[in-house]
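K.L.:
My structure is stored as run_4.csv, with CSV, C-alpha atoms and all ligand atoms.
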chain,number,residue,atom,x,y,z
A,1,MET,CA,-23.5,-10.2,-8.5
A,2,ALA,CA,-20.8,-12.0,-6.5
A,3,THR,CA,-20.7,-13.3,-3.0
A,4,ILE,CA,-17.4,-12.0,-1.6
A,5,ALA,CA,-15.5,-13.2,1.6
A,6,PHE,CA,-13.7,-10.0,2.5
A,7,LEU,CA,-11.0,-10.8,5.0
A,8,GLY,CA,-9.0,-8.1,6.8
A,9,LEU,CA,-11.2,-5.1,7.7
A,10,GLY,CA,-8.5,-2.6,8.7
A,11,HIS,CA,-7.9,0.9,7.6
A,12,MET,CA,-8.1,0.0,3.9
A,13,GLY,CA,-10.2,-3.2,4.0
A,14,LEU,CA,-13.4,-1.8,5.7
A,15,PRO,CA,-14.0,1.1,3.3
A,16,MET,CA,-13.2,-1.2,0.3
A,17,ALA,CA,-15.6,-3.8,1.6
A,18,LEU,CA,-18.3,-1.2,2.1
A,19,ASN,CA,-17.9,0.0,-1.5
A,20,LEU,CA,-18.3,-3.6,-2.8
A,21,SER,CA,-21.5,-3.9,-0.7
A,22,ARG,CA,-22.8,-0.5,-2.0
A,23,ALA,CA,-22.2,-1.8,-5.6
A,24,GLY,CA,-24.7,-4.6,-4.8
A,25,HIS,CA,-22.4,-7.5,-4.1
A,26,GLU,CA,-23.1,-9.8,-1.1
A,27,VAL,CA,-20.1,-9.1,1.2
A,28,LEU,CA,-19.2,-11.4,4.2
A,29,GLY,CA,-16.6,-9.7,6.2
A,30,PHE,CA,-14.2,-11.0,8.9
A,31,ASP,CA,-11.2,-9.8,10.8
A,32,VAL,CA,-9.2,-11.5,13.6
A,33,VAL,CA,-9.4,-8.4,15.7
A,34,PRO,CA,-12.8,-8.0,17.4
A,35,ALA,CA,-12.7,-4.2,17.4
A,36,ALA,CA,-12.4,-4.3,13.6
A,37,THR,CA,-15.4,-6.6,13.2
A,38,ASP,CA,-17.4,-4.5,15.6
A,39,ALA,CA,-16.6,-1.4,13.5
A,40,ALA,CA,-17.6,-3.2,10.4
A,41,ARG,CA,-20.9,-4.3,11.8
A,42,ALA,CA,-21.6,-0.8,13.1
A,43,ALA,CA,-20.9,0.5,9.5
A,44,GLY,CA,-23.6,-1.9,8.2
A,45,LEU,CA,-21.4,-4.8,6.8
A,46,THR,CA,-22.4,-8.4,7.3
A,47,VAL,CA,-19.8,-10.0,9.5
A,48,THR,CA,-19.2,-13.8,9.9
A,49,ALA,CA,-17.9,-15.7,13.0
A,50,SER,CA,-14.7,-16.9,11.1
A,51,SER,CA,-12.9,-16.5,7.8
A,52,VAL,CA,-13.8,-20.2,7.1
A,53,GLU,CA,-17.5,-19.4,7.4
A,54,ALA,CA,-17.1,-16.5,5.0
A,55,ALA,CA,-15.0,-18.4,2.5
A,56,GLU,CA,-17.4,-21.4,2.5
A,57,ARG,CA,-20.3,-19.3,1.4
A,58,ALA,CA,-18.4,-17.1,-1.1
A,59,ASP,CA,-17.3,-17.4,-4.7
A,60,VAL,CA,-14.6,-14.7,-4.3
A,61,VAL,CA,-12.1,-14.6,-1.5
A,62,LEU,CA,-10.5,-11.1,-1.1
A,63,THR,CA,-7.7,-10.5,1.4
A,64,MET,CA,-6.4,-7.2,2.7
A,65,PHE,CA,-3.7,-8.1,5.3
A,66,PRO,CA,-0.7,-6.4,6.7
A,67,SER,CA,2.0,-8.8,5.2
A,68,GLY,CA,2.8,-11.8,3.0
A,69,ARG,CA,3.1,-14.1,6.1
A,70,HIS,CA,-0.5,-13.3,7.0
A,71,VAL,CA,-1.6,-14.1,3.4
A,72,ILE,CA,0.2,-17.4,3.1
A,73,ASP,CA,-0.8,-18.5,6.6
A,74,ALA,CA,-4.4,-17.7,5.9
A,75,TYR,CA,-4.3,-19.5,2.5
A,76,ARG,CA,-2.6,-22.6,3.9
A,77,GLY,CA,-4.0,-22.6,7.4
A,78,VAL,CA,-1.8,-22.6,10.5
A,79,ASP,CA,-1.9,-24.0,14.1
A,80,GLY,CA,-4.5,-26.6,13.1
A,81,ARG,CA,-6.8,-24.1,11.5
A,82,THR,CA,-8.2,-24.9,8.1
A,83,GLY,CA,-6.8,-22.8,5.3
A,84,LEU,CA,-8.9,-20.7,3.0
A,85,ILE,CA,-7.8,-22.7,-0.1
A,86,GLU,CA,-9.2,-25.9,1.5
A,87,THR,CA,-12.4,-24.2,2.6
A,88,ALA,CA,-13.4,-22.4,-0.6
A,89,ALA,CA,-15.2,-24.3,-3.4
A,90,PRO,CA,-12.8,-25.3,-6.2
A,91,GLY,CA,-12.7,-22.6,-8.9
A,92,SER,CA,-13.1,-19.8,-6.4
A,93,LEU,CA,-11.5,-16.5,-7.4
A,94,PHE,CA,-8.8,-15.4,-4.8
A,95,ILE,CA,-7.9,-11.7,-5.0
A,96,ASP,CA,-5.1,-10.6,-2.6
A,97,CYS,CA,-5.0,-6.8,-2.3
A,98,SER,CA,-2.3,-6.7,0.4
A,99,THR,CA,1.1,-5.3,-0.4
A,100,ILE,CA,3.5,-8.2,-0.1
A,101,ALA,CA,6.8,-9.4,-1.6
A,102,VAL,CA,6.7,-10.6,-5.2
A,103,ASP,CA,8.0,-14.1,-4.3
A,104,GLU,CA,5.4,-14.4,-1.5
A,105,SER,CA,2.7,-13.4,-3.9
A,106,GLN,CA,3.9,-16.0,-6.4
A,107,GLU,CA,3.8,-18.6,-3.6
A,108,ALA,CA,0.2,-17.6,-2.8
A,109,HIS,CA,-0.7,-18.0,-6.5
A,110,ARG,CA,0.9,-21.5,-6.5
A,111,LEU,CA,-0.9,-22.6,-3.3
A,112,GLY,CA,-4.3,-21.4,-4.6
A,113,GLU,CA,-3.9,-22.8,-8.2
A,114,ALA,CA,-2.7,-26.2,-6.9
A,115,ALA,CA,-6.0,-26.4,-5.1
A,116,GLY,CA,-7.9,-25.6,-8.3
A,117,HIS,CA,-8.6,-21.9,-7.6
A,118,ARG,CA,-8.1,-18.8,-9.7
A,119,CYS,CA,-5.7,-16.3,-8.2
A,120,LEU,CA,-4.8,-12.6,-8.6
A,121,ASP,CA,-2.5,-10.3,-6.8
A,122,ALA,CA,-4.0,-6.8,-6.8
A,123,PRO,CA,-2.2,-4.4,-4.5
A,124,VAL,CA,-3.4,-0.8,-4.4
A,125,SER,CA,-2.3,2.7,-4.1
A,126,GLY,CA,-4.3,5.7,-3.1
A,127,GLY,CA,-4.4,5.2,0.7
A,128,VAL,CA,-7.4,5.4,3.0
A,129,VAL,CA,-8.9,8.3,1.1
A,130,GLY,CA,-8.8,6.4,-2.1
A,131,ALA,CA,-10.3,3.4,-0.4
A,132,GLU,CA,-13.2,5.5,1.0
A,133,ASN,CA,-13.9,7.3,-2.2
A,134,ALA,CA,-13.5,4.2,-4.5
A,135,THR,CA,-10.6,5.9,-6.3
A,136,LEU,CA,-7.9,3.4,-5.7
A,137,ALA,CA,-5.4,2.4,-8.3
A,138,PHE,CA,-5.1,-1.4,-8.7
A,139,MET,CA,-2.0,-3.2,-10.1
A,140,VAL,CA,-3.0,-6.7,-11.0
A,141,GLY,CA,-1.0,-9.9,-11.7
A,142,GLY,CA,-2.6,-13.1,-13.0
A,143,SER,CA,-4.2,-14.6,-16.1
A,144,GLU,CA,-6.2,-12.5,-18.5
A,145,PRO,CA,-9.5,-14.4,-17.9
A,146,ASP,CA,-9.1,-14.1,-14.1
A,147,PHE,CA,-8.4,-10.4,-14.5
A,148,ALA,CA,-11.5,-10.0,-16.7
A,149,ALA,CA,-13.6,-11.8,-14.0
A,150,ALA,CA,-12.3,-9.5,-11.2
A,151,LEU,CA,-12.6,-6.3,-13.2
A,152,PRO,CA,-16.2,-5.4,-12.2
A,153,LEU,CA,-15.3,-5.9,-8.5
A,154,LEU,CA,-12.1,-3.8,-8.7
A,155,GLU,CA,-14.0,-1.1,-10.5
A,156,ALA,CA,-16.4,-0.9,-7.5
A,157,MET,CA,-13.4,0.0,-5.4
A,158,GLY,CA,-11.1,1.9,-7.7
A,159,ARG,CA,-10.6,4.1,-10.7
A,160,ARG,CA,-7.4,3.0,-12.4
A,161,ILE,CA,-7.0,-0.7,-12.9
A,162,VAL,CA,-3.9,-2.0,-14.8
A,163,HIS,CA,-3.3,-5.6,-15.7
A,164,CYS,CA,0.5,-5.8,-15.3
A,165,GLY,CA,1.0,-9.4,-16.4
A,166,GLU,CA,1.3,-12.8,-14.8
A,167,ALA,CA,1.4,-13.9,-11.2
A,168,GLY,CA,3.2,-11.5,-8.9
A,169,LEU,CA,3.6,-8.7,-11.4
A,170,GLY,CA,1.0,-6.5,-9.7
A,171,GLN,CA,3.2,-6.6,-6.7
A,172,ALA,CA,6.3,-6.0,-8.9
A,173,ALA,CA,4.6,-2.8,-10.2
A,174,LYS,CA,3.8,-1.7,-6.7
A,175,VAL,CA,7.3,-2.2,-5.4
A,176,CYS,CA,8.9,-0.4,-8.4
A,177,ASN,CA,6.4,2.6,-8.1
A,178,ASN,CA,7.0,3.0,-4.4
A,179,MET,CA,10.8,2.8,-4.8
A,180,ILE,CA,10.5,5.8,-7.2
A,181,LEU,CA,8.3,7.5,-4.7
A,182,GLY,CA,10.6,7.0,-1.7
A,183,ILE,CA,13.7,8.2,-3.6
A,184,SER,CA,11.9,11.2,-5.1
A,185,GLN,CA,10.4,12.3,-1.8
A,186,ILE,CA,13.9,12.4,-0.3
A,187,ALA,CA,15.2,14.3,-3.3
A,188,VAL,CA,12.5,16.9,-3.0
A,189,ALA,CA,13.2,17.3,0.7
A,190,GLU,CA,16.9,17.7,0.1
A,191,ALA,CA,16.3,20.3,-2.6
A,192,PHE,CA,14.0,22.4,-0.3
A,193,VAL,CA,16.6,22.4,2.5
A,194,LEU,CA,19.4,23.3,0.1
A,195,GLY,CA,17.1,26.1,-1.2
A,196,GLU,CA,16.6,27.4,2.3
A,197,ARG,CA,20.3,27.5,2.9
A,198,LEU,CA,20.8,29.4,-0.3
A,199,GLY,CA,18.2,31.9,0.5
A,200,LEU,CA,15.5,30.7,-1.9
A,201,SER,CA,11.9,30.9,-0.8
A,202,HIS,CA,9.8,27.8,-0.8
A,203,GLN,CA,7.3,29.3,-3.1
A,204,ALA,CA,10.0,30.4,-5.7
A,205,LEU,CA,11.5,26.9,-5.7
A,206,PHE,CA,8.1,25.3,-6.0
A,207,ASP,CA,7.1,27.7,-8.9
A,208,VAL,CA,10.2,26.8,-10.8
A,209,ALA,CA,10.5,23.0,-10.1
A,210,SER,CA,6.8,22.3,-10.5
A,211,ASN,CA,7.0,23.7,-14.1
A,212,ALA,CA,10.4,22.3,-14.9
A,213,SER,CA,12.2,19.0,-15.0
A,214,GLY,CA,12.1,18.5,-11.2
A,215,GLN,CA,8.3,18.1,-11.5
A,216,CYS,CA,7.0,15.0,-9.7
A,217,TRP,CA,4.2,13.8,-7.3
A,218,ALA,CA,6.4,14.2,-4.3
A,219,LEU,CA,6.6,17.9,-5.1
A,220,THR,CA,3.3,18.8,-6.7
A,221,THR,CA,1.0,16.7,-4.5
A,222,ASN,CA,3.0,15.8,-1.4
A,223,CYS,CA,5.1,19.0,-1.1
A,224,PRO,CA,7.1,18.7,2.1
A,225,VAL,CA,6.9,22.3,3.1
A,226,PRO,CA,3.7,24.1,4.1
A,227,GLY,CA,2.3,26.7,1.7
A,228,PRO,CA,2.8,25.9,-2.0
A,229,VAL,CA,0.3,22.9,-2.0
A,230,PRO,CA,-2.3,23.6,0.7
A,231,THR,CA,-3.5,20.0,0.8
A,232,SER,CA,-0.1,18.4,1.4
A,233,PRO,CA,0.6,16.8,4.9
A,234,ALA,CA,3.2,19.5,5.6
A,235,ASN,CA,0.3,21.9,6.2
A,236,ARG,CA,-1.1,19.7,9.0
A,237,ASP,CA,2.0,18.9,10.9
A,238,TYR,CA,2.8,15.8,8.7
A,239,GLN,CA,-0.3,13.9,9.7
A,240,PRO,CA,-0.5,11.1,7.1
A,241,GLY,CA,-1.1,10.8,4.3
A,242,PHE,CA,1.1,7.8,3.8
A,243,ALA,CA,2.8,6.9,7.1
A,244,GLY,CA,6.6,6.5,7.4
A,245,ALA,CA,6.1,3.0,8.7
A,246,LEU,CA,4.3,2.0,5.4
A,247,MET,CA,7.0,3.6,3.3
A,248,ASP,CA,9.6,1.7,5.3
A,249,LYS,CA,7.6,-1.5,4.8
A,250,ASP,CA,7.4,-1.0,1.0
A,251,LEU,CA,11.1,-0.1,0.6
A,252,GLY,CA,11.8,-3.3,2.6
A,253,LEU,CA,9.9,-5.2,-0.1
A,254,ALA,CA,11.9,-3.3,-2.7
A,255,GLU,CA,15.2,-4.3,-0.9
A,256,GLN,CA,14.1,-7.9,-0.9
A,257,ALA,CA,13.4,-7.8,-4.6
A,258,LEU,CA,16.7,-6.0,-5.3
A,259,THR,CA,18.6,-8.7,-3.4
A,260,LEU,CA,16.7,-11.4,-5.3
A,261,THR,CA,17.4,-9.9,-8.7
A,262,GLY,CA,20.9,-8.5,-8.1
A,263,VAL,CA,20.0,-5.0,-9.4
A,264,ASP,CA,22.5,-2.3,-8.6
A,265,ALA,CA,20.0,0.2,-7.1
A,266,ARG,CA,22.0,2.3,-4.8
A,267,MET,CA,19.4,5.0,-4.5
A,268,GLY,CA,16.7,2.5,-3.7
A,269,LEU,CA,18.8,0.9,-0.9
A,270,LEU,CA,19.8,4.2,0.5
A,271,ALA,CA,16.1,5.3,0.5
A,272,ARG,CA,15.3,2.1,2.4
A,273,ARG,CA,18.0,2.9,5.0
A,274,ILE,CA,16.8,6.5,5.4
A,275,TYR,CA,13.2,5.5,5.9
A,276,HIS,CA,14.1,2.6,8.2
A,277,GLU,CA,15.7,5.1,10.5
A,278,TYR,CA,12.8,7.6,10.1
A,279,ALA,CA,10.2,4.9,10.9
A,280,ALA,CA,12.2,3.8,14.1
A,281,GLY,CA,11.1,7.1,15.7
A,282,PRO,CA,8.0,9.3,15.6
A,283,GLY,CA,8.2,9.3,11.7
A,284,ALA,CA,6.5,5.8,11.9
A,285,ALA,CA,3.2,7.6,12.4
A,286,GLN,CA,3.9,10.8,10.4
A,287,ASP,CA,3.6,11.3,6.7
A,288,PHE,CA,6.7,10.2,4.9
A,289,SER,CA,7.2,13.7,3.6
A,290,GLY,CA,8.3,14.6,7.1
A,291,ILE,CA,11.7,13.2,6.1
A,292,ILE,CA,12.5,16.9,5.4
A,293,GLY,CA,12.8,17.3,9.2
A,294,THR,CA,15.6,14.6,9.2
A,295,VAL,CA,17.4,16.4,6.4
A,296,ARG,CA,17.3,19.7,8.3
A,297,ALA,CA,18.3,18.0,11.6
A,298,GLN,CA,21.3,16.2,10.1
A,299,SER,CA,22.6,19.1,8.0
A,300,ARG,CA,25.8,20.7,9.3
A,301,PRO,CA,25.1,24.0,11.1
A,302,GLN,CA,25.7,27.0,8.8
A,303,GLU,CA,28.8,29.0,9.4
A,304,GLY,CA,28.1,32.4,11.1
A,305,THR,CA,24.9,31.2,12.7
A,306,ASN,CA,24.0,29.5,15.9
A,307,ALA,CA,21.8,27.1,14.1
B,1,LIG,P1,-4.4,-2.7,8.8
B,1,LIG,O1,-3.4,-3.2,9.7
B,1,LIG,O2,-5.2,-1.5,9.2
B,1,LIG,O3,-5.5,-3.9,8.4
B,1,LIG,C1,-5.1,-5.2,8.2
B,1,LIG,C2,-6.2,-6.0,8.9
B,1,LIG,O4,-6.0,-7.4,8.6
B,1,LIG,C3,-6.1,-5.9,10.4
B,1,LIG,O5,-7.3,-5.4,10.9
B,1,LIG,C4,-5.8,-7.3,10.9
B,1,LIG,O6,-6.4,-7.7,12.1
B,1,LIG,C5,-6.4,-8.2,9.7
B,1,LIG,N1,-6.0,-9.5,9.6
B,1,LIG,C6,-4.7,-10.0,9.7
B,1,LIG,N2,-4.7,-11.4,9.5
B,1,LIG,C7,-6.0,-11.7,9.3
B,1,LIG,C8,-6.6,-13.0,9.1
B,1,LIG,N3,-6.0,-14.1,9.0
B,1,LIG,N4,-8.0,-13.0,8.9
B,1,LIG,C9,-8.7,-11.8,9.0
B,1,LIG,N5,-8.1,-10.6,9.2
B,1,LIG,C10,-6.8,-10.6,9.4
B,1,LIG,O7,-3.6,-2.4,7.4
B,1,LIG,P2,-4.1,-1.4,6.2
B,1,LIG,O8,-3.6,0.0,6.5
B,1,LIG,O9,-5.6,-1.6,6.0
B,1,LIG,O10,-3.3,-2.1,5.0
B,1,LIG,C11,-3.6,-3.3,4.5
B,1,LIG,C12,-2.6,-3.6,3.3
B,1,LIG,O11,-2.7,-2.6,2.4
B,1,LIG,C13,-1.2,-3.6,3.8
B,1,LIG,O12,-0.5,-4.7,3.1
B,1,LIG,C14,-0.6,-2.3,3.4
B,1,LIG,O13,0.7,-2.3,3.1
B,1,LIG,C15,-1.5,-2.0,2.1
B,1,LIG,N6,-1.7,-0.6,1.8
B,1,LIG,C16,-2.0,0.3,2.8
B,1,LIG,C17,-2.2,1.7,2.5
B,1,LIG,C18,-2.6,2.6,3.6
B,1,LIG,O14,-2.5,3.9,3.3
B,1,LIG,N7,-3.0,2.2,4.8
B,1,LIG,C19,-2.0,2.1,1.2
B,1,LIG,C20,-1.7,1.2,0.2
B,1,LIG,C21,-1.6,-0.2,0.5
Here is a file; write its structure as structure tokens.
Ligand code: NAD
P.N.:
Amino acid sequence: MATIAFLGLGHMGLPMALNLSRAGHEVLGFDVVPAATDAARAAGLTVTASSVEAAERADVVLTMFPSGRHVIDAYRGVDGRTGLIETAAPGSLFIDCSTIAVDESQEAHRLGEAAGHRCLDAPVSGGVVGAENATLAFMVGGSEPDFAAALPLLEAMGRRIVHCGEAGLGQAAKVCNNMILGISQIAVAEAFVLGERLGLSHQALFDVASNASGQCWALTTNCPVPGPVPTSPANRDYQPGFAGALMDKDLGLAEQALTLTGVDARMGLLARRIYHEYAAGPGAAQDFSGIIGTVRAQSRPQEGTNA
């Protein structure tokens, strides 16, 4: 059993840390926000006074932070604070589960490996429910032996675990997947609004498209209109689910990768613009399938109606 410094006990991190603890590992949690450490302690997790204290005592350092800047600063140390890579015993296994840019992830690998550690990027999909139920999907970048070493830990937190290749390729898989998701959720929303204008019922469109070539997760799981999929966020006033702010963040990472690689991805860039506007308003806290409201609001009024 491993001793794991679990750093970042937010929406995702706390339930993931609890699952590792339930699997029998010794988990030492820490978060810079006192409310998060209080909640972790109340949930029964062992909490340390600092990330340094956790990393000193652990053989695995797992991070679940908001952004790449947080990861690199924590690895390297900022404002006179000692970094995790300096604190941890050489040969420690660093697993970063945050969603960050591919180049930032590769930088984190470089920093860790230069200090003699083993490093993996292992971003997740599946949201808070997946974190709570240990059903997350992990996309992992790093060497084969490091992946093999991490596998039992990832299996305690998730169900589908894919080794995508070398450093940063877990993040690459995540950014590509979420670009598909952002584009397809907009496409499904546009199709439902077009169907409404043409007099097609939501159920009829769903029954056809979900069994035809329009079939996709954005339709069959995250259906943006209430009714056809009773568990989709549209049935609970677009409570997330996956918040617009997170889709905006992930499409921002896709945009960064597209700029870096020069790929002509007009749909991806347009999806980024659409979700950036969505997340500038109440959409930030709503499920990203609520984008259907924007499609309706921005559609030209129909002739012969007051709409
Ligand atoms: P969150 O903001 O709830 O949690 C992040 C936590 O990290 C915060 O509590 C913050 O205080 C802490 N933190 C930041 N710097 C720290 C440091 N140096 N030391 C210790 N703690 C530190 O975010 P979240 O929703 O848990 O998401 C975490 C990551 O997972 C993000 O990168 C996000 O994009 C990704 N993700 C989130 C979801 C989701 O549905 N929430 C789904 C998939 C992936």
K.L.:
Could you list, as a ChimeraX atom specification, all protein and nucleic acid residues with an atom at most 9 Å from ligand LIG 1 (chain B), counting only C-alpha atoms and all ligand atoms?
P.N.:
/A:6-14,29-37,50-51,63-71,73-75,77,97-100,123-131,136,240-243,246-247,249-250
K.L.:
Have a look at A:Ile180, A:Leu200, A:Ala54, A:Leu84 and name the one nearest to Leu269 of chain A; count only C-alpha atoms.
P.N.:
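Of A:Ile180, A:Leu200, A:Ala54, A:Leu84, the one nearest Leu269 of chain A is A:Ile180, counting only C-alpha atoms.
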K.L.:
Could you work out how far atom CA of Ala114 of chain A lies from atom CA of Gly141 of chain A, giving the answer in Å with one decimal?
P.N.:
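Spanning atom CA of Gly141 of chain A to atom CA of Ala114 of chain A is a straight-line distance of 17.1 Å.
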K.L.:
Quick one: residues within 10 Å of (16.9, 4.5, 3.7) (file frame), counting only C-alpha atoms, please, as a list in words.
P.N.:
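Those within range, by chain then number, are Gly182, Ile183, Ile186, Met247, Asp248, Leu251, Gly252, Met267, Gly268, Leu269, Leu270, Ala271, Arg272, Arg273, Ile274, Tyr275, His276, Glu277, Tyr278 and Ala279 of chain A.
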K.L.:
Quick one, how far is atom CA of Val263 of chain A from atom CA of Val102 of chain A?
P.N.:
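Going from atom CA of Val263 of chain A over to atom CA of Val102 of chain A covers 15.0 Å.
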K.L.:
Using all atoms listed in the file, which of the listed residues (A:Val229, A:Gly112, A:Val52, A:Asp59) sits closest to Trp217 of chain A?
P.N.:
A:Val229
K.L.:
Excluding Pro224 of chain A and its own-chain neighbours fewer than 2 positions away, which residues fall within 7 Å of it when counting all atoms listed in the file? Please give them as a list of chain:residue names.
P.N.:
A:Ala189, A:Asn222, A:Pro226, A:Ala234, A:Ser289, A:Gly290, A:Ile292
K.L.:
Figure out the distance between atom CA of Ala218 of chain A and atom CA of Gly283 of chain A, please, to one decimal in Å.
P.N.:
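Atom CA of Gly283 of chain A sits 16.8 Å away from atom CA of Ala218 of chain A.
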K.L.:
Mind listing as a CSV table (one decimal) with C-alpha atoms, in the frame of the given file all residues within 8 Å of (-11.9, 1.2, -4.6), counting all atoms listed in the file?
P.N.:
chain,number,residue,atom,x,y,z
A,16,MET,CA,-13.2,-1.2,0.3
A,19,ASN,CA,-17.9,0.0,-1.5
A,130,GLY,CA,-8.8,6.4,-2.1
A,131,ALA,CA,-10.3,3.4,-0.4
A,132,GLU,CA,-13.2,5.5,1.0
A,133,ASN,CA,-13.9,7.3,-2.2
A,134,ALA,CA,-13.5,4.2,-4.5
A,135,THR,CA,-10.6,5.9,-6.3
A,136,LEU,CA,-7.9,3.4,-5.7
A,137,ALA,CA,-5.4,2.4,-8.3
A,154,LEU,CA,-12.1,-3.8,-8.7
A,155,GLU,CA,-14.0,-1.1,-10.5
A,156,ALA,CA,-16.4,-0.9,-7.5
A,157,MET,CA,-13.4,0.0,-5.4
A,158,GLY,CA,-11.1,1.9,-7.7
A,159,ARG,CA,-10.6,4.1,-10.7
K.L.:
Pick the closest to Leu181 of chain A from A:Ala115, A:Leu151, A:Ala209, A:Leu219: which is it, counting all atoms listed in the file?
P.N.:
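Smallest distance to Leu181 of chain A is found for A:Leu219.
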K.L.:
For Glu26 of chain A, which residue among A:Arg57, A:Arg236, A:Arg81, A:Arg118 is the nearest when counting all atoms listed in the file?
P.N.:
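For Glu26 of chain A, the nearest of the given residues is A:Arg57.
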K.L.:
Can you pull out every residue within 9 Å of Ser92 of chain A, counting only C-alpha atoms, but drop anything in the same chain fewer than 5 positions away, and send it as a list in words?
P.N.:
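Skipping anything fewer than 5 positions along the chain leaves Ala58, Asp59, Val60, Val61, Ile85, Gly116, His117, Arg118 and Cys119 of chain A.
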K.L.:
Which one of A:Met1, A:Ala167, A:Leu111, A:Leu120 sits closest to Arg22 of chain A if you count only C-alpha atoms?
P.N.:
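For Arg22 of chain A, the nearest of the candidates is A:Met1.
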K.L.:
Write out as a ChimeraX atom specification the residues lying within 12 Å of Val225 of chain A, counting only C-alpha atoms and excluding same-chain residues fewer than 2 positions away.
P.N.:
/A:185,188-193,195-196,201-203,205-206,218-223,227-238,289-293,296
